[in-house]
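Chemist: I have a structure I would like to understand better, so I am pasting it below and will then ask my questions one at a time.
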Amino acid sequence: MEFFGLIAFVLVLGSLGLHGKLKKLSSRLLKLEKVNIKSEGIKMSEILKGLVGEHCSLMESSGTSNVGTVLAVDDEWIKINVVKKNIESVVVKRIENIVQVSIISK
């Protein structure tokens with residue numbers, strides 16, 4: 001009987017140590033993912049800042065595309081002037097949803 005109690009005690013002690021290590025590893029993984037997402041977003045926004053004033057086609061991850069003139073870009077958003085059926089509108093999109101950009105010559 002005492003043997004089973006000793007084994008249970010050792011298992012509990014062992015699992016407490018693993019829980020702490022698992023928690024540390026998961027928090028480190030979350031930090032790395034955040035850094036990776038931020039660095040990718042910054043790179044894309046820097047590229048798009050060079051396209052201000054250009055007539056472009058933007059393809060989104062959902063499959064929709066917008067054709068228009070890039071008005072402004074910040075770290076998370078892009079502002080586009082779109083003309084469809086003689087109706088001019090300004091569209092604001094999240095940069096993380098853009099998968100392809102093509103410059104259209106006028």
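All residue names refer to the structure tokens as shown: chains lettered A, B, ... in order, residues numbered from 1 in each chain, ligands numbered from 1 in order.
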Find the residues around stretch 76-87 of chain A up to 8 Å (only C-alpha atoms counted), leave out those fewer than 4 positions away in its own chain, and share them as JSON, numbers by chain.

Modeler: {"A": [41, 45, 66, 67, 68, 69, 70, 71, 72, 91, 92, 93, 94, 95, 96]}

Chemist: Which distance in Å separates atom CA of A:His55 and atom CA of A:Ile98, to one decimal?

Modeler: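 Between atom CA of A:His55 and atom CA of A:Ile98 the gap is 15.7 Å.
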
Chemist: When you count only C-alpha atoms, which of these residues is closest to A:Met59: A:Ser89, A:Gln100, A:Ser105, A:Ser27?

Modeler: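 For A:Met59, the nearest of the candidates is A:Gln100.
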
Chemist: Expressed in Å to a single decimal, how great is the separation between atom CA of A:Cys56 and atom CA of A:Ile104?

Modeler: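 So the answer is 5.2 Å.
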
Chemist: Provide the atom CA of A:Ser61 to atom CA of A:Arg28 distance in Å, to one decimal place.

Modeler: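 Atom CA of A:Arg28 lies 28.4 Å from atom CA of A:Ser61.
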
Chemist: Restricting the calculation to only C-alpha atoms, which member of A:Ala8, A:Val73, A:Val90, A:Ile103 is positioned closest to A:Met44?

Modeler: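 Distance minimum relative to A:Met44 lands on A:Val73.
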
Chemist: For A:Thr64, which of A:Ile47, A:Val99, A:Val52, A:Leu30 is the closest residue, counting only C-alpha atoms?

Modeler: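 For A:Thr64, the nearest of the given residues is A:Val99.
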